[in-house]
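Following: one structure in structure tokens, then a few remarks.
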Amino acid sequence: QVHLVESGGGLVQPGGSLRLSCAASGRIFRPNTMGWYRHAPGNERELVASINSGGSTNYAGSVKGRFTISRDNAKNTGYLQMGSLKPDDTAVYYCNLRMYNGDNYWGQGTQVTVSS
């Protein structure tokens, strides 16, 4: 079993920055891919960014150039640095970890609100 705990969400003004963290514990196998998803009211859950064990990254077009995903494999922790935040970025952000064998885990989510 794998447990994911997100932190770092909160209220920020437009144009501001936040850094989300996702700490993973348990039986973690590599290779794996860590991703950040978000879910805003009235919208479907969408992939924001992902990073695999080798460091290759993928971003949604709406966040490219503003968000940076990273990970520390030694600490089993992933990060999402968010900058130039917009009200449209308001959502619950979820951490996801997908193992090479198909096992898939989700965190509990952290609220990010961008508002003046």
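Residue numbering restarts at 1 for every chain of the structure tokens, chains are lettered A, B, ... in their displayed order, and ligands are numbered from 1 as they appear.
Using only C-alpha atoms, the protein and nucleic acid residues lying no more than 10 Å from A:Thr113, apart from those fewer than 6 places from it along its own chain, are Gly9, Gly10, Leu11, Val12, Gln13, Pro14, Leu85, Lys86, Pro87, Asp88, Asp89, Thr90, Ala91 and Val92 of chain A.
For the choices A:Val114, A:Ala74, A:Ala40, A:Ile69, the atom-to-atom distance to A:Arg19 is smallest for A:Ile69 when using only C-alpha atoms.
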Counting only C-alpha atoms, what is within 8 Å of A:Gly26, bar same-chain residues fewer than 4 positions away, as a compact mmCIF listing (two decimals) with C-alpha atoms, in the first residue's frame?
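File written: out.txt
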# COMPACT_ATOMS: atom_id res chain seq x y z
CA GLN A 1 0.00 0.00 0.00
CA VAL A 2 1.14 3.53 -0.81
CA HIS A 3 0.08 6.68 1.01
Do a neighbour search on A:Trp36 at 9 Å with only C-alpha atoms, toss out local chain neighbours closer than 2 positions, and write the hits as a JSON list (two decimals) with N, CA and C atoms, in the first residue's frame.
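Final file, around.json:
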[["chain", "number", "residue", "atom", "x", "y", "z"],
["A", 34, "MET", "N", 4.84, 10.31, -11.36],
["A", 34, "MET", "CA", 4.09, 11.13, -10.42],
["A", 34, "MET", "C", 3.42, 12.26, -11.18],
["A", 38, "ARG", "N", -5.90, 18.42, -11.27],
["A", 38, "ARG", "CA", -6.75, 19.37, -10.57],
["A", 38, "ARG", "C", -8.19, 19.20, -10.98],
["A", 46, "GLU", "N", -8.40, 17.20, -14.51],
["A", 46, "GLU", "CA", -7.46, 17.29, -15.61],
["A", 46, "GLU", "C", -6.02, 17.13, -15.13],
["A", 47, "LEU", "N", -5.21, 16.58, -16.00],
["A", 47, "LEU", "CA", -3.78, 16.45, -15.70],
["A", 47, "LEU", "C", -3.14, 17.82, -15.85],
["A", 48, "VAL", "N", -2.40, 18.22, -14.82],
["A", 48, "VAL", "CA", -1.66, 19.49, -14.85],
["A", 48, "VAL", "C", -0.24, 19.26, -15.33],
["A", 49, "ALA", "N", 0.42, 18.28, -14.71],
["A", 49, "ALA", "CA", 1.81, 17.99, -15.05],
["A", 49, "ALA", "C", 2.16, 16.61, -14.54],
["A", 50, "SER", "N", 3.16, 15.99, -15.16],
["A", 50, "SER", "CA", 3.62, 14.70, -14.70],
["A", 50, "SER", "C", 5.13, 14.62, -14.89],
["A", 69, "ILE", "N", 7.16, 21.05, -12.49],
["A", 69, "ILE", "CA", 7.07, 19.83, -11.68],
["A", 69, "ILE", "C", 8.47, 19.28, -11.46],
["A", 79, "TYR", "N", 6.99, 17.73, -6.26],
["A", 79, "TYR", "CA", 6.70, 19.14, -6.05],
["A", 79, "TYR", "C", 6.04, 19.72, -7.30],
["A", 80, "LEU", "N", 5.21, 20.71, -7.07],
["A", 80, "LEU", "CA", 4.65, 21.49, -8.17],
["A", 80, "LEU", "C", 4.82, 22.96, -7.80],
["A", 93, "TYR", "N", -6.15, 20.33, -5.99],
["A", 93, "TYR", "CA", -5.03, 19.69, -6.67],
["A", 93, "TYR", "C", -4.73, 18.35, -6.00],
["A", 94, "TYR", "N", -4.61, 17.31, -6.83],
["A", 94, "TYR", "CA", -4.38, 15.96, -6.35],
["A", 94, "TYR", "C", -3.05, 15.44, -6.87],
["A", 95, "CYS", "N", -2.36, 14.76, -6.00],
["A", 95, "CYS", "CA", -1.14, 14.06, -6.38],
["A", 95, "CYS", "C", -1.50, 12.64, -6.78],
["A", 96, "ASN", "N", -0.83, 12.13, -7.80],
["A", 96, "ASN", "CA", -1.07, 10.77, -8.28],
["A", 96, "ASN", "C", 0.26, 10.08, -8.48],
["A", 97, "LEU", "N", 0.31, 8.80, -8.11],
["A", 97, "LEU", "CA", 1.51, 8.00, -8.35],
["A", 97, "LEU", "C", 1.10, 6.72, -9.06]]
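Closest approach to A:Phe29 from the set A:Asn43, A:Thr68, A:Ser56, A:Asn76 is made by A:Asn76, with distances taken over only C-alpha atoms.
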Can you list, as number ranges by chain, every residue of stretch 43-77 of chain A that DSSP puts in strand (DSSP E)? A: 46-52, 57-59, 67-72, 77
Would you mind exporting all heavy atoms of the selected residues as a short mmCIF file (atom, residue, chain, number, x, y, z; two decimals), in the first residue's frame?
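Produced file out-v1.cif, reproduced below:
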data_model
loop_
_atom_site.label_atom_id
_atom_site.label_comp_id
_atom_site.auth_asym_id
_atom_site.auth_seq_id
_atom_site.Cartn_x
_atom_site.Cartn_y
_atom_site.Cartn_z
N GLU A 46 -8.40 17.20 -14.51
CA GLU A 46 -7.46 17.29 -15.61
C GLU A 46 -6.02 17.13 -15.13
O GLU A 46 -5.69 17.52 -14.00
CB GLU A 46 -7.60 18.64 -16.34
CG GLU A 46 -7.28 19.85 -15.50
CD GLU A 46 -7.23 21.14 -16.32
OE1 GLU A 46 -7.19 21.08 -17.56
OE2 GLU A 46 -7.23 22.22 -15.69
N LEU A 47 -5.21 16.58 -16.00
CA LEU A 47 -3.78 16.45 -15.70
C LEU A 47 -3.14 17.82 -15.85
O LEU A 47 -3.29 18.49 -16.86
CB LEU A 47 -3.13 15.46 -16.66
CG LEU A 47 -1.62 15.34 -16.56
CD1 LEU A 47 -1.20 14.75 -15.21
CD2 LEU A 47 -1.08 14.48 -17.70
N VAL A 48 -2.40 18.22 -14.82
CA VAL A 48 -1.66 19.49 -14.85
C VAL A 48 -0.24 19.26 -15.33
O VAL A 48 0.27 19.96 -16.21
CB VAL A 48 -1.67 20.14 -13.46
CG1 VAL A 48 -0.82 21.41 -13.45
CG2 VAL A 48 -3.10 20.44 -13.01
N ALA A 49 0.42 18.28 -14.71
CA ALA A 49 1.81 17.99 -15.05
C ALA A 49 2.16 16.61 -14.54
O ALA A 49 1.55 16.12 -13.58
CB ALA A 49 2.75 19.04 -14.46
N SER A 50 3.16 15.99 -15.16
CA SER A 50 3.62 14.70 -14.70
C SER A 50 5.13 14.62 -14.89
O SER A 50 5.71 15.33 -15.73
CB SER A 50 2.92 13.55 -15.43
OG SER A 50 3.24 13.57 -16.80
N ILE A 51 5.74 13.73 -14.10
CA ILE A 51 7.19 13.51 -14.19
C ILE A 51 7.45 12.05 -13.90
O ILE A 51 6.91 11.48 -12.94
CB ILE A 51 7.94 14.45 -13.22
CG1 ILE A 51 9.45 14.29 -13.36
CG2 ILE A 51 7.48 14.26 -11.77
CD1 ILE A 51 10.24 15.37 -12.62
N ASN A 52 8.29 11.42 -14.72
CA ASN A 52 8.58 10.02 -14.46
C ASN A 52 9.86 9.87 -13.64
O ASN A 52 10.51 10.86 -13.28
CB ASN A 52 8.63 9.22 -15.77
CG ASN A 52 9.77 9.65 -16.68
OD1 ASN A 52 10.76 10.25 -16.24
ND2 ASN A 52 9.66 9.31 -17.95
N THR A 57 9.28 15.22 -18.18
CA THR A 57 8.10 15.94 -17.73
C THR A 57 7.10 16.16 -18.85
O THR A 57 7.45 16.13 -20.05
CB THR A 57 8.49 17.31 -17.14
OG1 THR A 57 9.16 18.07 -18.15
CG2 THR A 57 9.40 17.16 -15.93
N ASN A 58 5.87 16.40 -18.43
CA ASN A 58 4.80 16.69 -19.37
C ASN A 58 3.89 17.71 -18.71
O ASN A 58 3.61 17.61 -17.50
CB ASN A 58 4.01 15.41 -19.67
CG ASN A 58 2.88 15.64 -20.63
OD1 ASN A 58 3.06 16.22 -21.69
ND2 ASN A 58 1.69 15.20 -20.26
N TYR A 59 3.43 18.71 -19.47
CA TYR A 59 2.60 19.77 -18.91
C TYR A 59 1.35 19.99 -19.75
O TYR A 59 1.38 19.88 -20.98
CB TYR A 59 3.36 21.10 -18.87
CG TYR A 59 4.53 21.11 -17.92
CD1 TYR A 59 5.81 20.79 -18.35
CD2 TYR A 59 4.36 21.47 -16.59
CE1 TYR A 59 6.90 20.80 -17.49
CE2 TYR A 59 5.43 21.50 -15.70
CZ TYR A 59 6.70 21.17 -16.17
OH TYR A 59 7.76 21.19 -15.31
N PHE A 67 4.16 26.71 -14.49
CA PHE A 67 4.31 25.68 -13.46
C PHE A 67 5.54 24.83 -13.77
O PHE A 67 5.88 24.60 -14.93
CB PHE A 67 3.09 24.76 -13.42
CG PHE A 67 1.81 25.40 -12.94
CD1 PHE A 67 1.70 26.76 -12.74
CD2 PHE A 67 0.70 24.61 -12.68
CE1 PHE A 67 0.52 27.34 -12.30
CE2 PHE A 67 -0.49 25.15 -12.25
CZ PHE A 67 -0.58 26.53 -12.06
N THR A 68 6.17 24.34 -12.70
CA THR A 68 7.30 23.44 -12.85
C THR A 68 7.11 22.25 -11.92
O THR A 68 6.92 22.43 -10.70
CB THR A 68 8.62 24.14 -12.52
OG1 THR A 68 8.80 25.26 -13.39
CG2 THR A 68 9.80 23.19 -12.71
N ILE A 69 7.16 21.05 -12.49
CA ILE A 69 7.07 19.83 -11.68
C ILE A 69 8.47 19.28 -11.46
O ILE A 69 9.33 19.36 -12.34
CB ILE A 69 6.15 18.79 -12.36
CG1 ILE A 69 5.85 17.63 -11.41
CG2 ILE A 69 6.73 18.30 -13.67
CD1 ILE A 69 4.77 16.68 -11.92
N SER A 70 8.70 18.75 -10.28
CA SER A 70 10.00 18.15 -9.96
C SER A 70 9.78 17.04 -8.94
O SER A 70 8.69 16.89 -8.38
CB SER A 70 10.97 19.20 -9.43
OG SER A 70 10.49 19.78 -8.24
N ARG A 71 10.80 16.27 -8.68
CA ARG A 71 10.71 15.20 -7.70
C ARG A 71 12.08 14.94 -7.11
O ARG A 71 13.11 15.17 -7.76
CB ARG A 71 10.13 13.94 -8.31
CG ARG A 71 10.95 13.33 -9.44
CD ARG A 71 10.19 12.20 -10.14
NE ARG A 71 10.06 11.03 -9.27
CZ ARG A 71 9.29 9.99 -9.54
NH1 ARG A 71 8.53 9.99 -10.63
NH2 ARG A 71 9.25 8.95 -8.73
N ASP A 72 12.07 14.43 -5.89
CA ASP A 72 13.27 13.99 -5.19
C ASP A 72 13.07 12.51 -4.92
O ASP A 72 12.35 12.13 -3.99
CB ASP A 72 13.44 14.79 -3.91
CG ASP A 72 14.73 14.46 -3.18
OD1 ASP A 72 15.25 13.34 -3.35
OD2 ASP A 72 15.21 15.31 -2.41
N THR A 77 9.37 12.27 -2.78
CA THR A 77 8.56 13.47 -2.70
C THR A 77 8.52 14.18 -4.04
O THR A 77 9.55 14.28 -4.72
CB THR A 77 9.10 14.43 -1.62
OG1 THR A 77 9.07 13.76 -0.36
CG2 THR A 77 8.25 15.69 -1.52
#
Pick from A:Gly109, A:Gly102, A:Gly78, A:Gly8 nearest to A:Ala23, counting only C-alpha atoms: A:Gly78
Near-A:Ser84 list (8 Å; only C-alpha atoms; drop same-chain fewer than 5 positions) as a PyMOL selection string: chain A and resi 14-17+66
Export of the given selection (N, CA, C and O atoms) as a tab-separated table (two decimals), in the first residue's frame:
chain	number	residue	atom	x	y	z
A	14	PRO	N	-3.90	36.78	-7.55
A	14	PRO	CA	-3.49	36.61	-8.94
A	14	PRO	C	-2.07	37.13	-9.16
A	14	PRO	O	-1.69	38.20	-8.65
A	15	GLY	N	-1.31	36.35	-9.91
A	15	GLY	CA	0.07	36.69	-10.14
A	15	GLY	C	1.03	36.12	-9.13
A	15	GLY	O	2.26	36.18	-9.32
A	16	GLY	N	0.48	35.55	-8.06
A	16	GLY	CA	1.32	35.01	-7.00
A	16	GLY	C	1.81	33.60	-7.29
A	16	GLY	O	1.58	33.05	-8.38
A	17	SER	N	2.50	33.03	-6.30
A	17	SER	CA	3.11	31.71	-6.44
A	17	SER	C	2.75	30.83	-5.26
A	17	SER	O	2.49	31.32	-4.15
A	66	ARG	N	4.46	28.36	-16.70
A	66	ARG	CA	4.11	28.96	-15.39
A	66	ARG	C	4.35	27.98	-14.24
A	66	ARG	O	4.67	28.40	-13.14
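For A:Ser7, the residues within 7 Å (counting only C-alpha atoms, excluding itself and residues fewer than 5 positions away along the chain) are Leu20, Ser21, Cys22 and Thr110 of chain A.
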Serialized selection, N, CA, C and O atoms, as a PDB file, in the first residue's frame:
ATOM      1  N   LEU A  20       3.381  23.241  -4.156  1.00  0.00           N
ATOM      2  CA  LEU A  20       2.735  22.066  -3.595  1.00  0.00           C
ATOM      3  C   LEU A  20       3.767  20.955  -3.424  1.00  0.00           C
ATOM      4  O   LEU A  20       4.687  20.821  -4.238  1.00  0.00           O
ATOM      5  N   SER A  21       3.575  20.165  -2.380  1.00  0.00           N
ATOM      6  CA  SER A  21       4.431  19.004  -2.139  1.00  0.00           C
ATOM      7  C   SER A  21       3.570  17.758  -2.033  1.00  0.00           C
ATOM      8  O   SER A  21       2.418  17.823  -1.582  1.00  0.00           O
ATOM      9  N   CYS A  22       4.145  16.635  -2.422  1.00  0.00           N
ATOM     10  CA  CYS A  22       3.471  15.347  -2.317  1.00  0.00           C
ATOM     11  C   CYS A  22       4.472  14.341  -1.758  1.00  0.00           C
ATOM     12  O   CYS A  22       5.419  13.967  -2.442  1.00  0.00           O
ATOM     13  N   THR A 110      -5.487  19.032  -2.152  1.00  0.00           N
ATOM     14  CA  THR A 110      -5.233  20.281  -1.430  1.00  0.00           C
ATOM     15  C   THR A 110      -5.843  21.426  -2.246  1.00  0.00           C
ATOM     16  O   THR A 110      -5.701  21.488  -3.472  1.00  0.00           O
TER      17      THR A 110
END
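Atom pair atom CA of A:Asn32 / atom CA of A:Gly107 has a distance of 15.5 Å (rounded to one decimal).
What separates atom CA of A:Arg45 from atom CA of A:Glu6 is a distance of 16.6 Å.
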Can you measure atom CA of A:Gln81 to atom CA of A:Gln108 for me? One decimal in Å is fine. 18.7 Å
Applying 6 Å and only C-alpha atoms, which residues near stretch 98-101 of chain A remain after dropping the ones on its own chain fewer than 3 positions away? List them as a ChimeraX atom specification. /A:31-33,104
Take the residues just selected and output them with N, CA and C atoms as a PDB file, in the first residue's frame.
ATOM      1  N   PRO A  31      10.181   1.710 -12.330  1.00  0.00           N
ATOM      2  CA  PRO A  31       9.838   3.093 -12.635  1.00  0.00           C
ATOM      3  C   PRO A  31       8.389   3.436 -12.269  1.00  0.00           C
ATOM      4  N   ASN A  32       8.168   4.723 -12.048  1.00  0.00           N
ATOM      5  CA  ASN A  32       6.822   5.191 -11.794  1.00  0.00           C
ATOM      6  C   ASN A  32       6.685   6.613 -12.317  1.00  0.00           C
ATOM      7  N   THR A  33       5.480   7.071 -12.362  1.00  0.00           N
ATOM      8  CA  THR A  33       5.196   8.427 -12.810  1.00  0.00           C
ATOM      9  C   THR A  33       4.373   9.137 -11.741  1.00  0.00           C
ATOM     10  N   ASN A 104      -2.106   2.320  -8.953  1.00  0.00           N
ATOM     11  CA  ASN A 104      -2.371   3.752  -9.088  1.00  0.00           C
ATOM     12  C   ASN A 104      -2.863   4.287  -7.751  1.00  0.00           C
TER      13      ASN A 104
END
